[in-house]
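Okay, structure first, notes after.
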Amino acid sequence: EVAYELDNIREEQRKELHIDIEPEPDCLLENTRETIDYFENWLYKAGAAHLAVEHALSQEEAILMIRRHIRICYDTCHFAVEYEEPAEAIERFKNAGIDIGKVQISAALKVDLSNPSNSAEEVSSKLKPFEEDTYLHQVIERHGDGTFKHYPDLSDALRDGELSEAKEWRIHYHVPIFVDKFGHLNSTQDDIIRSLDLLMEGECNHFEIETYTWEVLPSELKENLLDSIEREFRWVLDQI
């Protein structure tokens, strides 16, 4: 119904608006596979069938309307936390006919637990300052056999995580995008770099920097807010 109303605005006012669904770790839609399944087996089937009946449209017209006005928001942090390869994820959306309407440029925390120098005690100590309760910081743990374990928040992962058995943690904690290392911790900055060229080749022209954790960052990462925001813009501009 939202797609139908937005299409009326497009026809009457010549303004093309779209809702961009944002997959996020541990949410109803959290990765490429679930998002494509939702579009193909719900929006393009049940949603289009509803529009066809309620508004006397053909199935093809209804699907086109949904595709035009319901797109996805590609958050580079979220897809990195899911261990998704940017080129593969972007190509799969393209092949499914799902447009990326908005890109959020952000970085997650990443911990390499396969490095012998990163002891469980030391990693826990380094992560403790990031444990705060303003936001949820979902954690996905990767094992050597390629399986994953999800934790709803960093506090749960620090309490119950298998640091000695895991190979890597990726944490939904938006860290400054111009930094790739924090001592024994890393960021998913490399995923941003690998995503940007591919995303800028597409039709999307709405890119925004989405670091919002300035107030809850550990003290050693806090700098002057204006300087930090300027550094983020300069870093992005250097990449493109």
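Note on naming: chains are A, B, ... as they come in the structure tokens, residues start from 1 per chain, ligands start from 1 in the order shown.
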Problem - Residue contacts of range 57-63 of chain A (6 Å, only C-alpha atoms) excluding same-chain residues fewer than 3 positions away, as number ranges by chain - result: A: 44, 48, 51-52, 66
I need the residues from that last selection saved to file as an mmCIF file, in the first residue's frame (with all heavy atoms), if you can.
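Contents of selection-v2.cif, freshly written:
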data_model
loop_
_atom_site.group_PDB
_atom_site.id
_atom_site.type_symbol
_atom_site.label_atom_id
_atom_site.label_comp_id
_atom_site.auth_asym_id
_atom_site.auth_seq_id
_atom_site.Cartn_x
_atom_site.Cartn_y
_atom_site.Cartn_z
ATOM 1 N N TYR A 44 7.011 -9.643 -3.924
ATOM 2 C CA TYR A 44 6.725 -9.822 -5.345
ATOM 3 C C TYR A 44 5.612 -10.830 -5.603
ATOM 4 O O TYR A 44 5.095 -10.910 -6.719
ATOM 5 C CB TYR A 44 7.984 -10.269 -6.103
ATOM 6 C CG TYR A 44 9.088 -9.230 -6.130
ATOM 7 C CD1 TYR A 44 10.398 -9.599 -6.422
ATOM 8 C CD2 TYR A 44 8.843 -7.891 -5.854
ATOM 9 C CE1 TYR A 44 11.424 -8.663 -6.448
ATOM 10 C CE2 TYR A 44 9.861 -6.952 -5.872
ATOM 11 C CZ TYR A 44 11.151 -7.346 -6.157
ATOM 12 O OH TYR A 44 12.162 -6.424 -6.180
ATOM 13 N N ALA A 48 2.366 -8.150 -4.484
ATOM 14 C CA ALA A 48 1.898 -7.811 -5.832
ATOM 15 C C ALA A 48 0.480 -8.327 -6.066
ATOM 16 O O ALA A 48 -0.342 -7.655 -6.701
ATOM 17 C CB ALA A 48 2.857 -8.385 -6.871
ATOM 18 N N LEU A 51 -1.901 -5.865 -4.447
ATOM 19 C CA LEU A 51 -2.064 -4.654 -5.250
ATOM 20 C C LEU A 51 -2.905 -4.917 -6.498
ATOM 21 O O LEU A 51 -3.722 -4.081 -6.901
ATOM 22 C CB LEU A 51 -0.696 -4.098 -5.654
ATOM 23 C CG LEU A 51 0.116 -3.394 -4.567
ATOM 24 C CD1 LEU A 51 1.450 -2.915 -5.126
ATOM 25 C CD2 LEU A 51 -0.658 -2.220 -3.983
ATOM 26 N N ALA A 52 -2.686 -6.061 -7.108
ATOM 27 C CA ALA A 52 -3.424 -6.397 -8.336
ATOM 28 C C ALA A 52 -4.922 -6.459 -8.065
ATOM 29 O O ALA A 52 -5.734 -5.961 -8.860
ATOM 30 C CB ALA A 52 -2.922 -7.731 -8.887
ATOM 31 N N ILE A 66 6.283 -2.058 -6.892
ATOM 32 C CA ILE A 66 6.992 -2.408 -5.663
ATOM 33 C C ILE A 66 8.491 -2.227 -5.850
ATOM 34 O O ILE A 66 9.185 -1.678 -4.989
ATOM 35 C CB ILE A 66 6.655 -3.855 -5.246
ATOM 36 C CG1 ILE A 66 5.188 -3.948 -4.815
ATOM 37 C CG2 ILE A 66 7.578 -4.322 -4.127
ATOM 38 C CD1 ILE A 66 4.703 -5.358 -4.593
#
Exercise for the section: Give me the residues within 12 Å of range 227-239 of chain A as a ChimeraX atom specification, counting only C-alpha atoms and dropping any in the same chain fewer than 4 places off. Expected result: /A:104-107,175-180,189-190,192-197,200,207-214,221-223
Tell me which protein, DNA and RNA residues are within 6 Å of range 154-167 of chain A, counting only C-alpha atoms, leaving out same-chain ones fewer than 3 positions away, and put them as a PDB file with N, CA, C and O atoms, in the first residue's frame.
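Just written: selection.pdb:
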ATOM      1  N   LEU A 113      40.693 -13.775  16.253  1.00  0.00           N
ATOM      2  CA  LEU A 113      40.974 -14.668  17.369  1.00  0.00           C
ATOM      3  C   LEU A 113      41.865 -15.835  16.969  1.00  0.00           C
ATOM      4  O   LEU A 113      42.226 -16.664  17.800  1.00  0.00           O
ATOM      5  N   SER A 114      42.229 -15.905  15.680  1.00  0.00           N
ATOM      6  CA  SER A 114      43.135 -16.960  15.225  1.00  0.00           C
ATOM      7  C   SER A 114      44.590 -16.603  15.496  1.00  0.00           C
ATOM      8  O   SER A 114      45.473 -17.453  15.411  1.00  0.00           O
ATOM      9  N   ALA A 120      42.419 -14.920  25.072  1.00  0.00           N
ATOM     10  CA  ALA A 120      41.024 -14.666  25.429  1.00  0.00           C
ATOM     11  C   ALA A 120      40.930 -13.579  26.493  1.00  0.00           C
ATOM     12  O   ALA A 120      40.064 -12.693  26.424  1.00  0.00           O
ATOM     13  N   HIS A 137      24.710  -4.229  20.616  1.00  0.00           N
ATOM     14  CA  HIS A 137      25.914  -4.499  19.824  1.00  0.00           C
ATOM     15  C   HIS A 137      25.985  -6.009  19.547  1.00  0.00           C
ATOM     16  O   HIS A 137      26.690  -6.754  20.246  1.00  0.00           O
ATOM     17  N   ARG A 142      32.675 -16.501  14.343  1.00  0.00           N
ATOM     18  CA  ARG A 142      32.975 -17.467  13.268  1.00  0.00           C
ATOM     19  C   ARG A 142      33.916 -18.535  13.793  1.00  0.00           C
ATOM     20  O   ARG A 142      34.918 -18.243  14.437  1.00  0.00           O
ATOM     21  N   HIS A 143      33.556 -19.792  13.498  1.00  0.00           N
ATOM     22  CA  HIS A 143      34.381 -20.921  13.911  1.00  0.00           C
ATOM     23  C   HIS A 143      35.229 -21.409  12.744  1.00  0.00           C
ATOM     24  O   HIS A 143      34.979 -21.061  11.583  1.00  0.00           O
ATOM     25  N   GLY A 144      36.201 -22.251  13.054  1.00  0.00           N
ATOM     26  CA  GLY A 144      37.115 -22.747  12.034  1.00  0.00           C
ATOM     27  C   GLY A 144      36.434 -23.593  10.969  1.00  0.00           C
ATOM     28  O   GLY A 144      36.911 -23.670   9.835  1.00  0.00           O
ATOM     29  N   TYR A 151      25.253 -13.769  19.126  1.00  0.00           N
ATOM     30  CA  TYR A 151      24.982 -13.268  20.469  1.00  0.00           C
ATOM     31  C   TYR A 151      24.192 -11.965  20.323  1.00  0.00           C
ATOM     32  O   TYR A 151      24.562 -11.096  19.525  1.00  0.00           O
TER      33      TYR A 151
END
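Distances from A:Asp75, A:Pro25, A:Val216, A:Leu225 to His150 in chain A were compared using only C-alpha atoms, and the smallest one belongs to A:Pro25.
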Exercise for the section: Do a neighbour search on Ala96 in chain A at 10 Å with only C-alpha atoms, toss out local chain neighbours closer than 2 positions, and write the hits as JSON, numbers by chain. Expected result: {"A": [36, 37, 39, 40, 91, 92, 93, 94, 98, 99]}
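Using only C-alpha atoms, the nearest neighbour of Glu82 in chain A within the list A:Leu29, A:Leu43, A:Val123, A:Val53 is A:Leu29.
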